[in-house]
$ cat query_32.tsv   # TSV, C-alpha atoms
chain	number	residue	atom	x	y	z
V	1	MET	CA	-73.77	-25.27	-57.99
V	2	VAL	CA	-72.59	-28.13	-60.12
V	3	HIS	CA	-70.34	-25.80	-62.05
V	4	LEU	CA	-68.78	-24.40	-58.90
V	5	PHE	CA	-68.44	-27.84	-57.28
V	6	GLY	CA	-66.77	-29.25	-60.36
V	7	LYS	CA	-64.31	-26.34	-60.51
V	8	LYS	CA	-63.27	-26.80	-56.90
V	9	GLN	CA	-62.75	-30.49	-57.47
V	10	LYS	CA	-60.47	-29.76	-60.38
V	11	SER	CA	-58.46	-27.25	-58.39
V	12	GLY	CA	-57.93	-29.75	-55.58
V	13	GLU	CA	-56.68	-32.39	-57.96
V	14	SER	CA	-54.21	-29.90	-59.43
V	15	ARG	CA	-52.81	-29.01	-56.01
V	16	LYS	CA	-52.49	-32.67	-55.13
V	17	LYS	CA	-50.65	-33.36	-58.32
V	18	GLN	CA	-48.28	-30.43	-57.70
V	19	SER	CA	-47.67	-31.67	-54.17
V	20	ASN	CA	-46.74	-35.11	-55.45
V	21	GLN	CA	-44.26	-33.60	-57.89
V	22	ASN	CA	-42.63	-31.53	-55.12
V	23	THR	CA	-42.35	-34.62	-52.96
V	24	ILE	CA	-40.62	-36.52	-55.75
V	25	LYS	CA	-38.14	-33.63	-56.25
V	26	GLN	CA	-37.40	-33.46	-52.53
V	27	ILE	CA	-36.73	-37.20	-52.41
V	28	GLY	CA	-34.31	-36.77	-55.30
V	29	LEU	CA	-32.46	-33.96	-53.52
V	30	ASP	CA	-32.25	-35.96	-50.32
V	31	ARG	CA	-30.77	-38.89	-52.22
V	32	LYS	CA	-28.13	-36.60	-53.75
V	33	LYS	CA	-27.22	-35.27	-50.31
V	34	LEU	CA	-26.92	-38.79	-48.97
V	35	LEU	CA	-24.70	-39.78	-51.85
V	36	LYS	CA	-22.44	-36.66	-51.41
V	37	TYR	CA	-19.33	-37.26	-49.17
V	38	LYS	CA	-18.97	-34.94	-46.17
V	39	THR	CA	-15.42	-34.30	-44.87
V	40	PRO	CA	-15.17	-34.54	-41.06
V	41	SER	CA	-14.16	-31.31	-39.21
V	42	ASP	CA	-11.06	-32.89	-37.64
V	43	VAL	CA	-9.82	-33.94	-41.09
V	44	LYS	CA	-10.27	-30.37	-42.35
V	45	LEU	CA	-8.26	-29.06	-39.40
V	46	PHE	CA	-5.52	-31.57	-40.18
V	47	TYR	CA	-5.18	-30.15	-43.70
V	48	GLN	CA	-5.26	-26.53	-42.42
V	49	MET	CA	-2.64	-26.92	-39.67
V	50	PRO	CA	0.43	-26.66	-41.99
V	51	ILE	CA	-0.96	-23.40	-43.38
V	52	PHE	CA	-1.45	-22.00	-39.87
V	53	LEU	CA	2.05	-23.16	-38.94
V	54	VAL	CA	3.63	-21.36	-41.90
V	55	ILE	CA	1.68	-18.17	-41.17
V	56	GLY	CA	2.72	-18.30	-37.50
V	57	PHE	CA	6.38	-18.83	-38.39
V	58	VAL	CA	6.32	-15.90	-40.83
V	59	LEU	CA	4.72	-13.63	-38.22
V	60	PHE	CA	7.23	-14.74	-35.57
V	61	LEU	CA	10.18	-14.16	-37.90
V	62	THR	CA	8.86	-10.77	-38.98
V	63	GLY	CA	8.31	-9.73	-35.36
V	64	GLY	CA	11.82	-10.80	-34.39
V	65	ILE	CA	13.37	-8.86	-37.26
V	66	TRP	CA	11.29	-5.79	-36.40
V	67	ILE	CA	12.29	-5.91	-32.72
V	68	GLN	CA	15.96	-6.39	-33.59
V	69	HIS	CA	15.83	-3.52	-36.07
V	70	ASN	CA	14.27	-1.17	-33.52
V	71	ALA	CA	16.78	-2.24	-30.85
V	72	ASN	CA	19.71	-1.58	-33.18
V	73	ALA	CA	18.24	1.76	-34.27
V	74	TYR	CA	17.79	2.78	-30.63
V	75	ARG	CA	21.35	1.75	-29.79
V	76	GLN	CA	22.67	3.77	-32.73
V	77	ARG	CA	20.74	6.84	-31.56
V	78	VAL	CA	22.08	6.46	-28.03
V	79	LEU	CA	25.67	6.02	-29.17
V	80	ALA	CA	25.33	8.99	-31.53
V	81	SER	CA	24.32	11.20	-28.61
V	82	SER	CA	26.21	12.53	-25.64
V	83	MET	CA	26.38	10.74	-22.31
V	84	GLN	CA	23.74	11.81	-19.81
V	85	TYR	CA	24.21	14.35	-17.03
V	86	GLY	CA	25.50	12.63	-13.90
V	87	GLU	CA	26.58	9.50	-15.79
V	88	ASN	CA	29.89	8.04	-14.64
V	89	LEU	CA	32.75	8.16	-17.12
V	90	PRO	CA	33.64	4.58	-18.10
V	91	LEU	CA	37.13	3.33	-17.46
V	92	TRP	CA	38.70	2.21	-20.75
V	93	GLY	CA	41.99	1.12	-19.26
V	94	GLY	CA	43.95	0.91	-16.04
V	95	THR	CA	42.58	0.79	-12.50
V	96	ALA	CA	40.02	3.31	-11.26
V	97	LYS	CA	41.25	6.04	-8.93
V	98	GLY	CA	37.77	7.19	-7.97
V	99	ASN	CA	34.72	8.14	-10.01
V	100	LEU	CA	34.45	10.88	-12.61
V	101	SER	CA	31.02	11.89	-13.87
V	102	LEU	CA	29.64	14.15	-16.57
V	103	GLY	CA	28.37	17.48	-15.29
V	104	HIS	CA	26.90	20.36	-17.29
V	105	THR	CA	27.62	20.71	-20.99
V	106	LYS	CA	27.07	24.00	-22.80
V	107	LEU	CA	27.57	25.20	-26.35
V	108	SER	CA	28.53	28.81	-27.03
V	109	ARG	CA	26.14	31.11	-28.84
V	110	ASP	CA	28.04	30.84	-32.13
V	111	GLY	CA	28.09	27.04	-31.84
V	112	ARG	CA	31.88	26.82	-32.07
V	113	THR	CA	32.92	26.19	-28.45
V	114	LEU	CA	31.79	23.27	-26.31
V	115	ALA	CA	32.35	23.50	-22.55
V	116	VAL	CA	32.10	20.31	-20.48
V	117	GLU	CA	32.13	19.91	-16.70
V	118	ILE	CA	33.82	16.78	-15.32
V	119	LYS	CA	32.93	16.09	-11.68
V	120	TYR	CA	35.29	14.35	-9.25
V	121	ASP	CA	34.22	12.42	-6.17
V	122	ASP	CA	36.35	12.44	-3.00
V	123	ALA	CA	38.26	9.31	-4.02
V	124	ALA	CA	39.11	10.86	-7.40
V	125	HIS	CA	40.34	14.06	-5.74
V	126	GLN	CA	42.55	11.93	-3.54
V	127	GLY	CA	43.89	9.63	-6.25
V	128	LEU	CA	44.04	11.90	-9.32
V	129	SER	CA	45.87	15.14	-9.98
V	130	SER	CA	44.17	18.49	-9.34
V	131	TYR	CA	46.07	20.23	-12.13
V	132	GLY	CA	44.84	20.02	-15.70
V	133	SER	CA	48.33	20.25	-17.18
V	134	ARG	CA	49.19	16.85	-15.70
V	135	TYR	CA	46.57	15.05	-17.79
V	136	LYS	CA	46.92	13.58	-21.26
V	137	LEU	CA	44.13	14.28	-23.74
V	138	ARG	CA	43.16	11.93	-26.54
V	139	LEU	CA	40.41	12.64	-29.07
V	140	VAL	CA	38.69	9.77	-30.89
V	141	ASP	CA	36.75	10.82	-33.99
V	142	THR	CA	35.40	8.96	-37.03
V	143	LYS	CA	36.11	9.12	-40.75
V	144	ASP	CA	32.83	10.93	-41.37
V	145	ASN	CA	33.47	13.37	-38.51
V	146	ARG	CA	37.14	14.32	-38.53
V	147	MET	CA	38.08	16.86	-35.86
V	148	SER	CA	41.82	17.33	-36.26
V	149	ASP	CA	41.37	21.12	-36.61
V	150	VAL	CA	39.83	21.67	-33.16
V	151	LYS	CA	41.57	23.27	-30.19
V	152	MET	CA	41.14	21.46	-26.91
V	153	SER	CA	42.12	22.23	-23.32
V	154	TYR	CA	41.53	20.79	-19.87
V	155	GLY	CA	41.80	22.63	-16.57
V	156	ILE	CA	40.48	22.17	-13.05
V	157	PHE	CA	38.58	24.77	-11.03
V	158	GLY	CA	40.44	24.94	-7.73
V	159	THR	CA	42.20	22.02	-6.08
V	160	ASP	CA	38.94	20.34	-5.08
V	161	GLY	CA	36.58	21.48	-7.84
V	162	SER	CA	35.40	20.19	-11.19
V	163	GLY	CA	37.42	19.72	-14.34
V	164	VAL	CA	36.53	21.85	-17.35
V	165	LEU	CA	37.04	20.53	-20.87
V	166	GLN	CA	36.87	23.10	-23.69
V	167	ILE	CA	36.71	22.15	-27.36
V	168	LYS	CA	36.79	24.89	-29.99
V	169	SER	CA	35.93	24.07	-33.58
V	170	PRO	CA	36.40	26.83	-36.18
V	171	ASN	CA	33.60	25.42	-38.35
V	172	GLY	CA	31.23	24.31	-35.60
V	173	PHE	CA	30.24	20.74	-34.78
V	174	LYS	CA	28.44	18.04	-36.73
V	175	ASP	CA	25.50	16.24	-35.16
V	176	LYS	CA	27.71	13.24	-34.44
V	177	SER	CA	29.32	11.89	-31.31
V	178	PHE	CA	33.01	11.72	-30.52
V	179	VAL	CA	35.07	10.57	-27.55
V	180	VAL	CA	37.60	12.35	-25.36
V	181	MET	CA	39.98	10.34	-23.19
V	182	LEU	CA	41.33	11.74	-19.91
V	183	ILE	CA	44.55	10.14	-18.72
V	184	ASP	CA	46.20	11.23	-15.49
V	185	ASN	CA	49.81	11.74	-16.49
V	186	GLY	CA	50.92	12.43	-12.93
V	187	GLN	CA	48.61	10.23	-10.89
V	188	LEU	CA	49.18	10.48	-7.17
V	189	VAL	CA	51.07	7.60	-5.59
V	190	THR	CA	49.38	5.49	-2.93
V	191	THR	CA	50.88	2.75	-0.79
V	192	ASP	CA	49.52	0.14	-3.23
V	193	ASP	CA	51.26	1.87	-6.15
V	194	LEU	CA	54.66	1.56	-4.48
V	195	THR	CA	54.71	-2.17	-5.21
V	196	GLN	CA	54.35	-1.58	-8.97
V	197	THR	CA	57.65	-1.23	-10.78
V	198	GLN	CA	56.37	-0.90	-14.35
V	199	GLN	CA	55.70	2.59	-15.69
V	200	MET	CA	54.36	3.34	-19.18
V	201	ASN	CA	55.85	6.23	-21.13
V	202	ASP	CA	54.00	8.34	-23.71
V	203	GLY	CA	55.17	6.29	-26.68
V	204	ASP	CA	54.10	2.99	-25.16
V	205	LEU	CA	50.77	4.48	-24.11
V	206	ASP	CA	49.93	5.73	-27.60
V	207	LYS	CA	51.07	2.47	-29.19
V	208	SER	CA	48.83	0.53	-26.83
V	209	ILE	CA	45.78	2.71	-27.52
V	210	THR	CA	46.40	2.64	-31.27
V	211	ALA	CA	46.70	-1.14	-31.26
V	212	GLU	CA	43.51	-1.52	-29.22
V	213	LEU	CA	41.48	0.75	-31.49
V	214	SER	CA	42.95	-0.88	-34.59
V	215	ASP	CA	41.98	-4.35	-33.35
V	216	ALA	CA	38.48	-3.13	-32.53
V	217	GLY	CA	38.07	-1.61	-35.97
V	218	THR	CA	39.26	-4.60	-37.96
V	219	ASN	CA	37.88	-7.40	-35.78
V	220	SER	CA	34.27	-6.59	-35.07
V	221	ASN	CA	33.58	-10.25	-34.23
V	222	THR	CA	36.19	-10.80	-31.54
V	223	THR	CA	36.48	-14.10	-29.75
V	224	ASP	CA	36.42	-14.54	-26.00
V	225	SER	CA	40.18	-15.21	-25.97
V	226	ASN	CA	40.84	-11.95	-27.82
V	227	ASP	CA	38.60	-10.05	-25.42
V	228	THR	CA	40.47	-11.52	-22.46
V	229	ASN	CA	43.80	-10.61	-24.03
V	230	ASN	CA	42.64	-7.02	-24.67
V	231	ASP	CA	41.39	-6.70	-21.09
V	232	SER	CA	44.76	-7.80	-19.74
V	233	LYS	CA	46.51	-5.22	-21.94
V	234	ARG	CA	44.20	-2.44	-20.78
V	235	LYS	CA	44.91	-3.20	-17.13
V	236	ASN	CA	48.53	-2.21	-17.70
V	237	LEU	CA	47.46	1.27	-18.76
V	238	PRO	CA	47.23	4.20	-16.32
V	239	PRO	CA	43.68	5.24	-15.30
V	240	LEU	CA	42.05	6.11	-18.62
V	241	TYR	CA	38.56	7.58	-18.42
V	242	TYR	CA	36.56	8.57	-21.46
V	243	VAL	CA	33.47	10.65	-22.17
V	244	ARG	CA	31.22	10.46	-25.24
V	245	LEU	CA	30.03	13.87	-26.40
V	246	ASN	CA	27.79	15.43	-29.02
V	247	ALA	CA	27.76	19.23	-29.14
V	248	HIS	CA	24.19	19.22	-30.46
V	249	ASN	CA	23.00	17.65	-27.18
V	250	ALA	CA	24.52	20.45	-25.08
V	251	VAL	CA	22.54	23.38	-23.68
V	252	LYS	CA	22.86	26.41	-25.96
V	253	ASN	CA	24.40	29.32	-24.07
V	254	TYR	CA	23.23	32.91	-24.43
V	255	ARG	CA	26.73	34.27	-25.15
V	256	ASP	CA	30.19	33.38	-26.41
V	257	TRP	CA	33.11	33.11	-24.00
V	258	SER	CA	36.25	35.21	-24.05
V	259	ASN	CA	37.96	33.77	-20.93
V	260	ASP	CA	37.80	31.01	-18.32
V	261	SER	CA	35.91	33.19	-15.85
V	262	GLU	CA	32.93	33.49	-18.19
V	263	VAL	CA	33.04	29.77	-18.94
V	264	ILE	CA	32.82	28.60	-15.32
V	265	GLU	CA	30.23	31.26	-14.52
V	266	ASP	CA	27.88	29.98	-17.22
V	267	LEU	CA	28.84	26.33	-16.88
V	268	PHE	CA	28.21	25.75	-13.18
V	269	ILE	CA	28.52	28.86	-10.95
V	270	LYS	CA	25.02	30.13	-11.78
V	271	ASP	CA	23.56	26.65	-11.35
V	272	ASN	CA	25.32	26.27	-8.01
V	273	LEU	CA	23.86	29.59	-6.86
V	274	LYS	CA	20.38	28.37	-7.79
V	275	LYS	CA	20.90	25.14	-5.84
V	276	ILE	CA	22.16	26.99	-2.76
V	277	LYS	CA	19.25	29.42	-2.90
V	278	LYS	CA	16.80	26.53	-3.15
V	279	SER	CA	18.42	24.85	-0.12
V	280	MET	CA	18.19	28.13	1.80
V	281	LEU	CA	14.47	28.39	1.04
V	282	GLU	CA	13.82	24.79	2.10
V	283	THR	CA	15.80	25.31	5.32
V	284	LYS	CA	13.88	28.50	6.06
V	285	ILE	CA	10.54	26.71	5.66
V	286	LYS	CA	11.66	23.88	7.97
V	287	LEU	CA	12.89	26.41	10.53
V	288	LYS	CA	9.55	28.22	10.49
V	289	LYS	CA	7.58	24.99	11.03
V	290	THR	CA	9.93	23.79	13.76
V	291	THR	CA	9.78	27.13	15.59
V	292	LYS	CA	5.98	27.06	15.46
V	293	THR	CA	5.91	23.55	16.93
V	294	LEU	CA	8.39	24.58	19.63
V	295	ALA	CA	6.08	27.43	20.64
V	296	GLU	CA	3.28	24.86	21.02
V	297	MET	CA	5.44	22.74	23.35
V	298	ASN	CA	6.34	25.81	25.47
V	299	ARG	CA	2.68	26.70	25.77
V	300	ARG	CA	1.78	23.20	26.93
V	301	LEU	CA	4.55	23.27	29.54
V	302	ALA	CA	3.36	26.66	30.77
V	303	GLU	CA	-0.01	25.10	31.52
V	304	ASN	CA	1.36	21.80	32.82
V	305	LYS	CA	4.97	21.62	33.99
V	306	ASN	CA	4.67	17.84	34.39
V	307	ASP	CA	3.90	17.21	30.69
V	308	GLU	CA	6.79	14.82	29.93
V	309	VAL	CA	5.86	14.45	26.25
V	310	ALA	CA	5.97	18.22	25.76
V	311	GLN	CA	9.27	18.46	27.65
V	312	GLU	CA	10.89	15.76	25.51
V	313	GLY	CA	9.53	17.34	22.34
V	314	LYS	CA	10.85	20.74	23.42
V	315	ASN	CA	14.37	19.40	23.94
V	316	GLN	CA	14.43	17.76	20.51
V	317	LEU	CA	12.96	20.79	18.77
V	318	GLU	CA	15.44	23.18	20.37
V	319	THR	CA	18.27	21.03	19.02
V	320	SER	CA	16.65	21.02	15.56
V	321	VAL	CA	16.16	24.79	15.58
V	322	SER	CA	19.80	25.35	16.50
V	323	SER	CA	20.96	22.98	13.74
V	324	LEU	CA	18.71	24.59	11.11
V	325	LYS	CA	19.91	28.08	12.02
V	326	THR	CA	23.53	26.99	11.72
V	327	ASN	CA	22.85	25.32	8.37
V	328	TYR	CA	21.02	28.38	7.04
V	329	ALA	CA	23.85	30.70	8.08
V	330	SER	CA	26.38	28.43	6.36
V	331	LEU	CA	24.34	28.35	3.14
V	332	GLN	CA	23.91	32.11	3.19
V	333	LYS	CA	27.65	32.60	3.65
V	334	ARG	CA	28.41	30.26	0.74
V	335	TYR	CA	25.87	32.02	-1.46
V	336	GLU	CA	27.23	35.49	-0.75
V	337	LYS	CA	30.83	34.36	-1.23
V	338	LEU	CA	30.07	32.70	-4.56
V	339	GLU	CA	27.86	35.54	-5.76
V	340	ASN	CA	30.44	38.21	-4.99
V	341	ALA	CA	33.47	36.21	-6.07
V	342	THR	CA	35.56	37.44	-8.97
V	343	PHE	CA	37.66	34.99	-10.93
V	344	ASN	CA	40.66	35.63	-13.08
V	345	GLY	CA	40.36	35.04	-16.78
V	346	ASP	CA	42.85	32.19	-16.47
V	347	ILE	CA	41.34	30.61	-13.34
V	348	LEU	CA	41.59	27.13	-14.91
V	349	ASN	CA	45.37	27.31	-15.38
V	350	PRO	CA	47.56	25.34	-15.58
V	351	LYS	CA	45.75	23.65	-18.47
V	352	GLN	CA	46.62	20.85	-20.84
V	353	LYS	CA	46.29	22.02	-24.43
V	354	LYS	CA	48.08	19.24	-26.29
V	355	TYR	CA	46.21	16.22	-27.55
V	356	ARG	CA	46.41	13.42	-30.05
V	357	VAL	CA	43.69	12.28	-32.45
V	358	TYR	CA	42.67	8.70	-33.22
V	359	THR	CA	40.34	8.15	-36.16
V	360	ILE	CA	38.24	4.99	-36.27
V	361	GLU	CA	35.51	3.66	-38.52
V	362	ASN	CA	32.72	3.53	-35.97
V	363	ILE	CA	32.52	5.24	-32.58
V	364	ASN	CA	30.70	2.14	-31.28
V	365	TYR	CA	34.09	0.42	-31.05
V	366	MET	CA	34.70	2.44	-27.89
V	367	ASN	CA	31.92	0.58	-26.06
$ encode --input "query_32.tsv" --output "structure tokens"
Amino acid sequence: MVHLFGKKQKSGESRKKQSNQNTIKQIGLDRKKLLKYKTPSDVKLFYQMPIFLVIGFVLFLTGGIWIQHNANAYRQRVLASSMQYGENLPLWGGTAKGNLSLGHTKLSRDGRTLAVEIKYDDAAHQGLSSYGSRYKLRLVDTKDNRMSDVKMSYGIFGTDGSGVLQIKSPNGFKDKSFVVMLIDNGQLVTTDDLTQTQQMNDGDLDKSITAELSDAGTNSNTTDSNDTNNDSKRKNLPPLYYVRLNAHNAVKNYRDWSNDSEVIEDLFIKDNLKKIKKSMLETKIKLKKTTKTLAEMNRRLAENKNDEVAQEGKNQLETSVSSLKTNYASLQKRYEKLENATFNGDILNPKQKKYRVYTIENINYMN
């Protein structure tokens, strides 16, 4: 018992001694912590703010450069491609005589002939010539896409139809855009034109266009005064429309063309037949529904002659049925006439086959 009691007493003293040592060490650590300086959080943020500012500026600058790069790349892709179907042809000079728009574009099977439909609105048919031979043609290419060896012609399908531009390249076309200008050489005179005494001959016209393109090519950073001066010069020109084309954006045709008849058939006659047939089908469906509703009104009136709502509906529906039948008959007549029509191989005559080429550094100068 004494031995065990003495051993426990010794163990307790040892633990107490160890505890005192740990307490002394802890007091020493606490003193060191108290003596160590602690930087306030707001002071730390003050030192970090310039770093955050620099990082933010770098990210902002990088984002701006990236956006600008993508915007420029997108613009280059757009300008390297053809104008879109239905897009109005811009007016590069003169005063508009109506609207011209881009219709169908097709590339022959061998890839050497590009056919382009130019649509005229009513005002254009009234103010511009209906004969292709009375137009001037100007081709604008670039130094990396010279096209001086192509054959080009412009004719109009009928006196109130679309214009057809044909460009034949013996070596095919590069995947690059080019511009064709259409200038009405014999524009129709209106009462407003009678007050104008100045007329521009071919030489003056070409000199003016050459000067404009030359200025655009050499002065990419034009001032506002130069722009105003160029605009005033362009107003003195006759109506000058232009279309931007890229043969690689055209629909590939299933055959080559040997005459104008085949060109217009593939370019827009077949598409027109499809549109007429679609309109006929829609009209037929409307006629069927209207006739069914009319039968309902007649049935209601047979049971109640005093049904005013049915009587009013019947009158309106009878008018609609008559109108739909007339419209369907007209569409059917147009379809049969167009389907059975035969066109001469030179249906687009008289055509303009002469043109002049302008070569510039960048096709973007035309915009």
$ residues_around --input "query_32.tsv" --residues "Ile347 (chain V)" --least-positions-apart "2" --cutoff "9 Å" --atoms "only C-alpha atoms" --output "PDB file with C-alpha atoms, keeping the file's coordinate frame"
ATOM      1  CA  GLY V 155      41.800  22.630 -16.570  1.00  0.00           C
ATOM      2  CA  ILE V 156      40.480  22.170 -13.050  1.00  0.00           C
ATOM      3  CA  PHE V 157      38.580  24.770 -11.030  1.00  0.00           C
ATOM      4  CA  GLY V 158      40.440  24.940  -7.730  1.00  0.00           C
ATOM      5  CA  ASN V 259      37.960  33.770 -20.930  1.00  0.00           C
ATOM      6  CA  ASP V 260      37.800  31.010 -18.320  1.00  0.00           C
ATOM      7  CA  SER V 261      35.910  33.190 -15.850  1.00  0.00           C
ATOM      8  CA  ILE V 264      32.820  28.600 -15.320  1.00  0.00           C
ATOM      9  CA  PHE V 343      37.660  34.990 -10.930  1.00  0.00           C
ATOM     10  CA  ASN V 344      40.660  35.630 -13.080  1.00  0.00           C
ATOM     11  CA  GLY V 345      40.360  35.040 -16.780  1.00  0.00           C
ATOM     12  CA  ASN V 349      45.370  27.310 -15.380  1.00  0.00           C
ATOM     13  CA  PRO V 350      47.560  25.340 -15.580  1.00  0.00           C
TER      14      PRO V 350
END
$ residues_around --input "query_32.tsv" --residues "region 280-292 of chain V" --least-positions-apart "4" --cutoff "7 Å" --atoms "only C-alpha atoms" --output "list in words"
Ile276, Glu296, Leu317, Val321, Leu324, Tyr328 and Leu331 of chain V
$ closest_residue --input "query_32.tsv" --among "V:Asp121, V:Asp206, V:Asp141, V:Glu87" --to "Thr359 (chain V)" --atoms "all atoms listed in the file"
V:Asp141
$ closest_residue --input "query_32.tsv" --among "V:Leu245, V:Val309, V:Leu53, V:Met297" --to "Asp175 (chain V)" --atoms "all atoms listed in the file"
V:Leu245
$ closest_residue --input "query_32.tsv" --among "V:Asp122, V:Asp266, V:Asp160, V:Asp149" --to "Ser108 (chain V)" --atoms "all atoms listed in the file"
V:Asp266
$ residues_around --input "query_32.tsv" --residues "region 254-256 of chain V" --least-positions-apart "3" --cutoff "10 Å" --atoms "only C-alpha atoms" --output "count of residues only"
13
$ residues_around --input "query_32.tsv" --residues "Pro238 (chain V)" --least-positions-apart "3" --cutoff "7 Å" --atoms "only C-alpha atoms" --output "list in words"
Gly93, Gly94, Thr95 and Ile183 of chain V
$ atom_distance --input "query_32.tsv" --atom1 "CA of Leu100 (chain V)" --atom2 "CA of Ser177 (chain V)"
19.4 Å
$ closest_residue --input "query_32.tsv" --among "V:Thr342, V:Leu237, V:Lys325, V:Ser330" --to "Glu212 (chain V)" --atoms "all atoms listed in the file"
V:Leu237
$ closest_residue --input "query_32.tsv" --among "V:Asn99, V:Asn88, V:Gln332, V:Ser153" --to "Tyr135 (chain V)" --atoms "only C-alpha atoms"
V:Ser153
$ closest_residue --input "query_32.tsv" --among "V:Val179, V:Ala329, V:Leu267, V:Leu338" --to "Thr105 (chain V)" --atoms "all atoms listed in the file"
V:Leu267
